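K.L.:
Quick one: the structure is below, questions incoming.
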Amino acid sequence: MSGPETITFQKGEVILKQGDPGDSAFLIQMGKVEVFRSEGEQHKPLGVLQAGGIFGEMALIDPAPRSATARALERTICTRITRETLDRALKQAPPMVRYLLRSFIRNIRAANGQAQDETQDRADAVYMSEADSKQRILERRAYADGDLIFRQGSDGSTAYLLQSGRVDLIRDTEDGQHLMLRQLRPGDVFGEMALLRAAPRFATALVVGSANVEVLRADKFNDMLVKGPPFLRALVRIYVEMVGSAKKA
């Protein structure tokens, strides 16, 4: 089975064009790419990407037309990532990496108002738990009613998979209100932003009744991630940033 396609673009060549159908993303191996959006006769610069940068990533989530144009500023070599390439990489990735990346994608789709299909996510959660019984990646913990798994604003280096019970994610607003963000169900992952972002917890995780969770530390996740293909690591990084931006909005 063939791997991702490597393509060379010459200086000035358009790699993807605003308004065209989106079917793939690109990871820069060498060179430099400018990304801009056309507004009438004006070009609005969005950024310049170099080796390690990725663009066109929304096409792997949403087949909507391209929202911007990307053009090579010099001779540039890219790895082209299609949805099929991503699916193959996910099937070969450790269960936790696969599940978390799909969790990020699900959150991005939700932020964009897209319909969700959680059937595959639930199947991955079961498989992940079964695989861990052999690999011992996760640590299991039990919590009682009223326990705080983590508190808003605290430092975090762990993510959690809810195995049974109920956990509420609650955010305190500036005016003293307690905003219910989400009632988690078995199979849900939460606190995952702490795995890759050195940022305070966005909300408080409160146990209602009781709950059993499995805990993944950031170092364990990073160990798994570095064993995968570079484009998968790049996608995880950029989707984490997208989820973080959506939460702040």
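Just so we're on the same page: first chain in the structure tokens is A, next is B, and so on; residues restart at 1 for each chain, and ligands are numbered from 1 in the order they show up.
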Do a neighbour search on region 54-67 of chain A at 6 Å with only C-alpha atoms, toss out local chain neighbours closer than 4 positions, and write the hits as a compact mmCIF listing (two decimals) with C-alpha atoms, in the first residue's frame.
P.N.:
```
# COMPACT_ATOMS: atom_id res chain seq x y z
CA GLN A 18 -9.58 29.75 -2.79
CA GLY A 19 -12.99 28.47 -3.90
CA ASP A 20 -11.73 25.16 -5.29
CA PRO A 21 -13.03 21.87 -3.84
CA GLY A 22 -10.98 20.71 -0.86
CA ASP A 23 -9.79 17.11 -0.84
CA SER A 24 -6.36 17.13 0.82
CA ALA A 25 -3.91 18.89 3.14
CA PHE A 26 -0.20 19.60 2.65
CA LEU A 27 2.74 19.23 5.03
CA ARG A 83 -8.61 11.62 3.64
```
K.L.:
DSSP on the backbone, strand (DSSP E or B) only: what residues of region 5-228 of chain A does that give? Format it as a VMD selection string.
P.N.:
chain A and resid 5 to 9 14 to 16 24 to 30 32 to 39 42 to 50 54 to 55 69 to 72 76 to 82 139 to 144 148 to 150 158 to 172 178 to 184 189 to 190 204 to 217
K.L.:
I'd like the contact shell of Phe221 (chain A) - 12 Å cut-off, only C-alpha atoms, skipping same-chain residues fewer than 3 positions apart - returned as number ranges by chain.
P.N.:
A: 93-101, 137-138, 157-160, 192-196, 215-218, 224-228, 233, 236
K.L.:
May I have the residues within 9 Å of Leu46 (chain A) as a list in words, using only C-alpha atoms and disregarding those fewer than 5 positions away in the same chain?
P.N.:
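Here the qualifying residues turn out to be Glu34, Val35, Phe36, Arg37 and Ala68 of chain A.
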K.L.:
Could you pull out the helix (DSSP H, G or I) residues of region 26-243 of chain A from DSSP and send them as a PyMOL selection string?
P.N.:
chain A and resi 57-60+83-92+95-111+119-135+192-195+218-225+230-243
K.L.:
Using CA of Ile108 (chain A) and CA of Ile238 (chain A) as the two end points, give the distance in Å to one decimal.
P.N.:
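For CA of Ile108 (chain A) relative to CA of Ile238 (chain A), the distance reads 11.2 Å.
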